[in-house]
Each structure stands twice: as structure tokens, then as C-alpha cells.
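Source file coords_20.pdb; content: PDB, C-alpha atoms, pLDDT in the B column.
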ATOM      1  CA  MET A   1     -48.648 -39.743 -17.789  1.00 81.00           C
ATOM      2  CA  LYS A   2     -48.102 -36.218 -19.147  1.00 84.00           C
ATOM      3  CA  ASP A   3     -48.294 -34.828 -15.614  1.00 86.00           C
ATOM      4  CA  PHE A   4     -45.679 -37.285 -14.409  1.00 85.00           C
ATOM      5  CA  VAL A   5     -43.243 -36.359 -17.239  1.00 86.00           C
ATOM      6  CA  LEU A   6     -43.851 -32.642 -16.586  1.00 85.00           C
ATOM      7  CA  LEU A   7     -43.176 -33.208 -12.878  1.00 86.00           C
ATOM      8  CA  ILE A   8     -39.908 -35.035 -13.663  1.00 90.00           C
ATOM      9  CA  VAL A   9     -38.792 -32.254 -16.063  1.00 87.00           C
ATOM     10  CA  VAL A  10     -39.555 -29.526 -13.508  1.00 88.00           C
ATOM     11  CA  LEU A  11     -37.791 -31.520 -10.780  1.00 87.00           C
ATOM     12  CA  VAL A  12     -34.698 -31.980 -12.987  1.00 88.00           C
ATOM     13  CA  ALA A  13     -34.733 -28.230 -13.793  1.00 88.00           C
ATOM     14  CA  PHE A  14     -34.839 -27.364 -10.070  1.00 87.00           C
ATOM     15  CA  ILE A  15     -32.015 -29.778  -9.242  1.00 91.00           C
ATOM     16  CA  TYR A  16     -29.921 -28.420 -12.116  1.00 88.00           C
ATOM     17  CA  GLY A  17     -30.665 -24.848 -10.982  1.00 86.00           C
ATOM     18  CA  TYR A  18     -29.674 -25.717  -7.414  1.00 88.00           C
ATOM     19  CA  PHE A  19     -26.275 -27.062  -8.488  1.00 86.00           C
ATOM     20  CA  LEU A  20     -25.773 -24.151 -10.863  1.00 84.00           C
ATOM     21  CA  MET A  21     -26.477 -21.647  -8.067  1.00 87.00           C
ATOM     22  CA  GLU A  22     -24.152 -23.558  -5.733  1.00 88.00           C
ATOM     23  CA  LYS A  23     -21.338 -23.234  -8.286  1.00 87.00           C
ATOM     24  CA  LEU A  24     -22.128 -19.532  -8.721  1.00 83.00           C
ATOM     25  CA  ASP A  25     -22.005 -18.995  -4.938  1.00 83.00           C
ATOM     26  CA  LYS A  26     -18.650 -20.786  -4.767  1.00 83.00           C
ATOM     27  CA  PHE A  27     -17.288 -18.632  -7.596  1.00 80.00           C
ATOM     28  CA  LEU A  28     -18.473 -15.421  -5.923  1.00 79.00           C
ATOM     29  CA  LYS A  29     -16.927 -16.439  -2.584  1.00 76.00           C
ATOM     30  CA  GLU A  30     -13.589 -17.151  -4.275  1.00 72.00           C
ATOM     31  CA  ASN A  31     -13.793 -13.834  -6.091  1.00 67.00           C
ATOM     32  CA  GLN A  32     -14.518 -12.039  -2.810  1.00 63.00           C
ATOM     33  CA  SER A  33     -11.571 -13.736  -1.094  1.00 49.00           C
ATOM     34  CA  GLN A  34      -9.319 -12.679  -3.997  1.00 51.00           C
ATOM     35  CA  LYS A  35     -10.542  -9.107  -3.508  1.00 51.00           C
ATOM     36  CA  LEU A  36      -9.713  -9.325   0.191  1.00 46.00           C
ATOM     37  CA  ILE A  37      -6.263 -10.623  -0.669  1.00 45.00           C
ATOM     38  CA  SER A  38      -5.683  -7.732  -3.069  1.00 49.00           C
ATOM     39  CA  ASP A  39      -6.966  -5.300  -0.405  1.00 61.00           C
ATOM     40  CA  SER A  40      -4.318  -6.633   1.965  1.00 76.00           C
ATOM     41  CA  LYS A  41      -1.499  -5.338  -0.233  1.00 86.00           C
ATOM     42  CA  LEU A  42       0.237  -2.098   0.575  1.00 88.00           C
ATOM     43  CA  ARG A  43       1.967  -0.639  -2.492  1.00 92.00           C
ATOM     44  CA  ILE A  44       4.849   1.700  -1.704  1.00 93.00           C
ATOM     45  CA  GLY A  45       6.898   3.646  -4.245  1.00 94.00           C
ATOM     46  CA  PHE A  46      10.422   4.903  -3.586  1.00 92.00           C
ATOM     47  CA  GLU A  47      12.316   7.547  -5.523  1.00 90.00           C
ATOM     48  CA  THR A  48      15.526   5.720  -4.745  1.00 82.00           C
ATOM     49  CA  PRO A  49      16.165   2.285  -3.244  1.00 78.00           C
ATOM     50  CA  ALA A  50      18.453   3.949  -0.686  1.00 76.00           C
ATOM     51  CA  ILE A  51      15.341   5.199   1.140  1.00 82.00           C
ATOM     52  CA  ILE A  52      14.232   1.599   1.662  1.00 82.00           C
ATOM     53  CA  ASP A  53      17.340   0.909   3.718  1.00 77.00           C
ATOM     54  CA  SER A  54      16.679   3.994   5.848  1.00 78.00           C
ATOM     55  CA  ILE A  55      13.163   2.872   6.770  1.00 83.00           C
ATOM     56  CA  ALA A  56      13.899  -0.861   6.915  1.00 83.00           C
ATOM     57  CA  ASP A  57      13.107  -0.933  10.648  1.00 82.00           C
ATOM     58  CA  LEU A  58       9.656   0.556  10.003  1.00 85.00           C
ATOM     59  CA  LEU A  59       8.917  -1.930   7.223  1.00 87.00           C
ATOM     60  CA  GLU A  60      10.112  -4.853   9.328  1.00 89.00           C
ATOM     61  CA  GLN A  61       8.080  -3.733  12.341  1.00 87.00           C
ATOM     62  CA  PHE A  62       4.934  -3.264  10.234  1.00 87.00           C
ATOM     63  CA  SER A  63       5.371  -6.692   8.626  1.00 88.00           C
ATOM     64  CA  SER A  64       5.861  -8.421  11.956  1.00 90.00           C
ATOM     65  CA  GLU A  65       2.864  -6.711  13.593  1.00 88.00           C
ATOM     66  CA  TYR A  66       0.575  -7.231  10.596  1.00 86.00           C
ATOM     67  CA  PRO A  67       1.675 -10.473   8.906  1.00 87.00           C
ATOM     68  CA  ASN A  68      -1.543 -10.694   6.855  1.00 85.00           C
ATOM     69  CA  TYR A  69      -0.618  -7.541   4.950  1.00 86.00           C
ATOM     70  CA  GLU A  70       1.720  -7.820   1.998  1.00 88.00           C
ATOM     71  CA  LEU A  71       4.164  -4.997   1.253  1.00 90.00           C
ATOM     72  CA  ASN A  72       4.844  -4.443  -2.451  1.00 92.00           C
ATOM     73  CA  MET A  73       7.702  -2.020  -3.087  1.00 92.00           C
ATOM     74  CA  PHE A  74       8.533  -0.193  -6.307  1.00 93.00           C
ATOM     75  CA  TYR A  75      10.982   2.511  -7.279  1.00 90.00           C
ATOM     76  CA  GLY A  76      10.925   5.174  -9.948  1.00 92.00           C
ATOM     77  CA  SER A  77      11.035   8.903 -10.574  1.00 91.00           C
ATOM     78  CA  VAL A  78       9.002  11.391  -8.571  1.00 89.00           C
ATOM     79  CA  SER A  79       6.635  11.919 -11.501  1.00 89.00           C
ATOM     80  CA  GLU A  80       6.078   8.152 -11.746  1.00 93.00           C
ATOM     81  CA  ILE A  81       5.322   8.011  -8.016  1.00 91.00           C
ATOM     82  CA  ILE A  82       2.874  10.933  -8.250  1.00 89.00           C
ATOM     83  CA  ASN A  83       1.230   9.288 -11.272  1.00 91.00           C
ATOM     84  CA  GLY A  84       0.999   5.994  -9.347  1.00 92.00           C
ATOM     85  CA  LEU A  85      -0.694   7.754  -6.426  1.00 90.00           C
ATOM     86  CA  GLU A  86      -3.131   9.553  -8.737  1.00 88.00           C
ATOM     87  CA  ASN A  87      -4.020   6.333 -10.603  1.00 89.00           C
ATOM     88  CA  ASN A  88      -4.394   4.281  -7.395  1.00 86.00           C
ATOM     89  CA  LYS A  89      -1.450   2.050  -8.321  1.00 90.00           C
ATOM     90  CA  LEU A  90       0.511   3.177  -5.243  1.00 91.00           C
ATOM     91  CA  ASP A  91      -0.626   3.821  -1.685  1.00 90.00           C
ATOM     92  CA  PHE A  92       2.458   5.699  -0.454  1.00 91.00           C
ATOM     93  CA  GLY A  93       5.416   7.424  -2.070  1.00 92.00           C
ATOM     94  CA  PHE A  94       8.784   8.139  -0.461  1.00 90.00           C
ATOM     95  CA  ILE A  95      10.645  10.970  -2.191  1.00 89.00           C
ATOM     96  CA  ILE A  96      13.650  13.197  -1.563  1.00 84.00           C
ATOM     97  CA  GLU A  97      12.536  16.512  -0.028  1.00 73.00           C
ATOM     98  CA  ASN A  98      13.749  18.795  -2.839  1.00 67.00           C
ATOM     99  CA  SER A  99      10.890  17.487  -5.012  1.00 53.00           C
ATOM    100  CA  ASN A 100       8.184  19.490  -3.212  1.00 54.00           C
ATOM    101  CA  ASP A 101       7.390  21.690  -6.210  1.00 55.00           C
ATOM    102  CA  ILE A 102       5.570  18.736  -7.840  1.00 56.00           C
ATOM    103  CA  LEU A 103       3.340  18.018  -4.846  1.00 62.00           C
ATOM    104  CA  LYS A 104      -0.270  19.151  -4.864  1.00 60.00           C
ATOM    105  CA  ASP A 105      -2.425  20.154  -1.929  1.00 64.00           C
ATOM    106  CA  GLU A 106      -4.382  16.902  -2.109  1.00 71.00           C
ATOM    107  CA  TYR A 107      -1.553  14.876  -0.549  1.00 79.00           C
ATOM    108  CA  CYS A 108      -0.831  14.269   3.088  1.00 82.00           C
ATOM    109  CA  SER A 109       2.845  14.095   3.899  1.00 82.00           C
ATOM    110  CA  LEU A 110       5.442  13.609   6.580  1.00 81.00           C
ATOM    111  CA  SER A 111       8.985  14.950   6.287  1.00 80.00           C
ATOM    112  CA  PHE A 112      11.852  13.182   7.988  1.00 79.00           C
ATOM    113  CA  GLN A 113      15.608  12.731   7.802  1.00 79.00           C
ATOM    114  CA  ILE A 114      17.111   9.677   6.122  1.00 76.00           C
ATOM    115  CA  LYS A 115      20.565   8.349   6.727  1.00 74.00           C
ATOM    116  CA  GLN A 116      22.658   7.507   3.739  1.00 70.00           C
ATOM    117  CA  SER A 117      24.041   4.090   4.431  1.00 70.00           C
ATOM    118  CA  VAL A 118      25.899   1.262   2.798  1.00 71.00           C
ATOM    119  CA  ILE A 119      23.895  -0.587   0.154  1.00 71.00           C
ATOM    120  CA  THR A 120      24.644  -4.202  -0.727  1.00 70.00           C
ATOM    121  CA  PRO A 121      23.061  -5.243  -4.025  1.00 69.00           C
ATOM    122  CA  GLY A 122      22.188  -8.927  -3.938  1.00 69.00           C
ATOM    123  CA  SER A 123      23.237  -9.529  -7.512  1.00 73.00           C
ATOM    124  CA  ILE A 124      26.889  -8.544  -7.035  1.00 76.00           C
ATOM    125  CA  ASP A 125      27.287  -8.953  -3.250  1.00 76.00           C
ATOM    126  CA  ILE A 126      29.596  -5.939  -2.945  1.00 81.00           C
ATOM    127  CA  ALA A 127      29.016  -3.105  -0.481  1.00 79.00           C
ATOM    128  CA  VAL A 128      28.378   0.316  -2.043  1.00 77.00           C
ATOM    129  CA  HIS A 129      29.354   3.138   0.339  1.00 77.00           C
ATOM    130  CA  PRO A 130      27.853   6.627   0.149  1.00 75.00           C
ATOM    131  CA  ILE A 131      30.239   9.447  -0.673  1.00 80.00           C
ATOM    132  CA  ASN A 132      28.218  11.924   1.349  1.00 75.00           C
ATOM    133  CA  THR A 133      27.037  10.607   4.735  1.00 72.00           C
ATOM    134  CA  ILE A 134      25.043  13.711   5.675  1.00 76.00           C
ATOM    135  CA  GLU A 135      21.393  12.999   6.437  1.00 78.00           C
ATOM    136  CA  LYS A 136      18.983  14.124   3.742  1.00 79.00           C
ATOM    137  CA  PRO A 137      15.431  15.355   4.153  1.00 82.00           C
ATOM    138  CA  ALA A 138      12.840  13.018   2.644  1.00 83.00           C
ATOM    139  CA  ARG A 139       9.074  13.003   2.478  1.00 85.00           C
ATOM    140  CA  VAL A 140       6.419  10.315   2.450  1.00 86.00           C
ATOM    141  CA  ILE A 141       3.226  11.271   0.629  1.00 87.00           C
ATOM    142  CA  TRP A 142      -0.181   9.656   0.298  1.00 87.00           C
ATOM    143  CA  GLN A 143      -3.662  10.626  -0.779  1.00 83.00           C
ATOM    144  CA  ASN A 144      -6.186  11.508   1.874  1.00 75.00           C
ATOM    145  CA  ASP A 145      -8.452   8.501   1.115  1.00 68.00           C
ATOM    146  CA  ILE A 146      -7.256   6.397   4.004  1.00 64.00           C
ATOM    147  CA  ASN A 147      -8.590   2.877   4.317  1.00 64.00           C
ATOM    148  CA  CYS A 148      -7.986   0.674   7.348  1.00 66.00           C
ATOM    149  CA  MET A 149      -4.648  -0.714   6.200  1.00 69.00           C
ATOM    150  CA  LYS A 150      -3.313   2.661   5.061  1.00 78.00           C
ATOM    151  CA  GLY A 151      -4.369   4.069   8.420  1.00 79.00           C
ATOM    152  CA  LEU A 152      -2.361   1.407  10.244  1.00 81.00           C
ATOM    153  CA  PHE A 153       0.684   2.223   8.127  1.00 83.00           C
ATOM    154  CA  VAL A 154       0.256   5.974   8.739  1.00 82.00           C
ATOM    155  CA  GLU A 155       0.131   5.298  12.499  1.00 82.00           C
ATOM    156  CA  LYS A 156       3.375   3.317  12.223  1.00 80.00           C
ATOM    157  CA  LEU A 157       4.894   6.126  10.140  1.00 79.00           C
ATOM    158  CA  ARG A 158       3.992   8.683  12.775  1.00 77.00           C
ATOM    159  CA  ASP A 159       5.378   6.493  15.581  1.00 76.00           C
ATOM    160  CA  PHE A 160       8.532   5.753  13.616  1.00 72.00           C
ATOM    161  CA  SER A 161       9.098   9.311  12.495  1.00 64.00           C
ATOM    162  CA  GLU A 162       8.735  10.940  15.904  1.00 65.00           C
ATOM    163  CA  CYS A 163      12.505  10.831  16.259  1.00 57.00           C
ATOM    164  CA  PHE A 164      13.102  12.010  12.694  1.00 53.00           C
ATOM    165  CA  LEU A 165      10.007  14.123  11.945  1.00 47.00           C
ATOM    166  CA  LEU A 166      10.564  17.592  10.538  1.00 46.00           C
ATOM    167  CA  SER A 167       7.026  18.549   9.514  1.00 46.00           C
ATOM    168  CA  ALA A 168       3.745  17.115   8.330  1.00 51.00           C
ATOM    169  CA  THR A 169       1.176  18.482   5.936  1.00 52.00           C
ATOM    170  CA  ARG A 170      -2.422  17.625   5.303  1.00 50.00           C
ATOM    171  CA  PRO A 171      -4.401  18.290   2.146  1.00 47.00           C
ATOM    172  CA  ASN A 172      -4.924  21.976   1.331  1.00 45.00           C
ATOM    173  CA  GLY A 173      -1.427  22.766   2.591  1.00 46.00           C
ATOM    174  CA  LYS A 174      -2.199  22.760   6.328  1.00 51.00           C
ATOM    175  CA  LYS A 175       1.060  22.193   8.176  1.00 50.00           C
ATOM    176  CA  GLU A 176       1.698  20.356  11.413  1.00 50.00           C
ATOM    177  CA  GLU A 177       5.086  21.427  12.691  1.00 44.00           C
ATOM    178  CA  LYS A 178       6.861  19.288  15.217  1.00 43.00           C
ATOM    179  CA  VAL A 179       7.038  20.853  18.650  1.00 37.00           C
ATOM    180  CA  VAL A 180      10.442  20.240  20.191  1.00 33.00           C
TER     181      VAL A 180
END
Could I get this file's structure written as C-alpha cells?
Amino acid sequence: MKDFVLLIVVLVAFIYGYFLMEKLDKFLKENQSQKLISDSKLRIGFETPAIIDSIADLLEQFSSEYPNYELNMFYGSVSEIINGLENNKLDFGFIIENSNDILKDEYCSLSFQIKQSVITPGSIDIAVHPINTIEKPARVIWQNDINCMKGLFVEKLRDFSECFLLSATRPNGKKEEKVV
């Protein structure tokens, strides 16, 4: 009789362990899928929202070609963008060119011209026209730790900026000048 009770207890323990491990596997799979979802986000910082309008075609093209990737856009000062890149809170930063003195050699970058265009804020639905319509030099910067998604975006940047590219730099200050 004791053997039978011991057998039942061990059997119940195995069944309970099986269901417990099944729940643990399910939890780990969900956690892994959440990680994959977070890895499919591209976080881009802009010094000014006006730059977003200038590269809207690039962003739209990237989104249509890679619909599984989510673009998260932020704006702030150059120091906030640099801090975001250093702390892995941003993947790319778009800044106005005259901010180069802050950049370090560890960043890759592409310089290009942006057009100042009309901005229409959604909250007031009134067009805001630029006073100065001269194109301004801008720069996109990113750290050299390129993952798959960042690599795809860099390829799109290079394709997009061929018409507007002024120069490119790699870490350690190596320059790639555009040959015209």
C-alpha cells in the first residue's frame, strides 16, 4: 500500500512539473517575441522637426519596404541626441551641420542638404512658412555598432542621400568625400 501511495505522489509531482514547465516555456516564448518586437523598433532623434519634413520621402520609403519595422521619432537638442546615442536610447540622430564640434570620432555620419519647407502643425492646421528658403547642411549620426535593421536604414540613407550627399565620416574621423 505504501508503494502505491508513493507511486501516486511521484506521478502527481511529475504531472505538476510537466504543466509548470509548459507554462514556463510559454512565458519564455512570449518574452522572446516581445524582445523581437522591441528589436524591430528604429529610434531616430531630430534636432528640429523641420528635418523630418525634409527626409519624409526616405522615412516613407523605408516604412513601405520594411513594414515590420516601427519608426519611433523624437526631437531635442544636440546634446540630448548625443546622450541618447551614447545610452542606446536612440539609433540615429539628425542634426544641423554647425553642431560638429560636439561629435566624437566614434560616430559614423553622412552630411546632406535639407530644404526648408512649409510646416503644418496638426494642432493648429495653419501653414508655417520658412523665412529663409536656402538649403542648410545637416548630418545624420549613428554609432558604429550596426545591427541588421540599422544596416538596412543606413543603406536607405546612402541611397537617398546620393543626390544630397556632401560627405561621410566613419569612426576615427576617416572621411569619405563624394566624387562628383
* To do: Please write as an MDAnalysis selection string the full residue list that the PyMOL selection byres ((chain A and resi 85-97) around 6) yields on this file.
  => chainID A and resid 43:47 81:84 98:99 137:142
* Distance query Ile114 (chain A) at most 12 Å, only C-alpha atoms, self and fewer than 2 positions along chain excluded, as a VMD selection string -> chain A and resid 48 to 56 94 to 97 111 to 112 116 to 117 133 to 140 161 163 to 166
* Between CA of Ser79 (chain A) and CA of Leu59 (chain A), distance in Å (one decimal) ->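 Taking CA of Ser79 (chain A) and CA of Leu59 (chain A), their separation equals 23.4 Å.
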Taking all atoms of region 69-77 of chain A that the file lists, what box with edges along x, y and z, padded by 8 Å per side, do you get, with centre and edge lengths in Å to one decimal, as JSON?
{"center_x": 5.2, "center_y": 0.5, "center_z": -2.8, "size_x": 27.7, "size_y": 32.7, "size_z": 31.5}
* Asked: Which residues come within 12 Å of Thr120 (chain A), counting all atoms listed in the file, excluding same-chain residues fewer than 2 positions away, as an NGL selection string?
  -> :A and (49-50 or 53 or 117-118 or 122-130)
* Structure fact -> Atom pair CA of Ser109 (chain A) + CA of Val78 (chain A), distance 14.2 Å
List as CSV every residue of region 129-160 of chain A that is in contact with region 60-77 of chain A, defined as an atom at most 10 Å from one of its atoms (using all atoms listed in the file), together with the nearest atom pair and the distance in Å rounded to one decimal, sorted by chain and then rising number.
residue,atom,partner,partner_atom,distance
A:Met149,CA,A:Tyr69,CA,8.0
A:Leu152,CA,A:Phe62,CA,8.7
A:Phe153,CA,A:Phe62,CA,7.3
A:Lys156,CA,A:Phe62,CA,7.0
A:Leu157,CA,A:Phe62,CA,9.4
A:Phe160,CA,A:Gln61,CA,9.6
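Reported to one decimal place, the separation of CA of Gly151 (chain A) from CA of Glu30 (chain A) is 26.4 Å.
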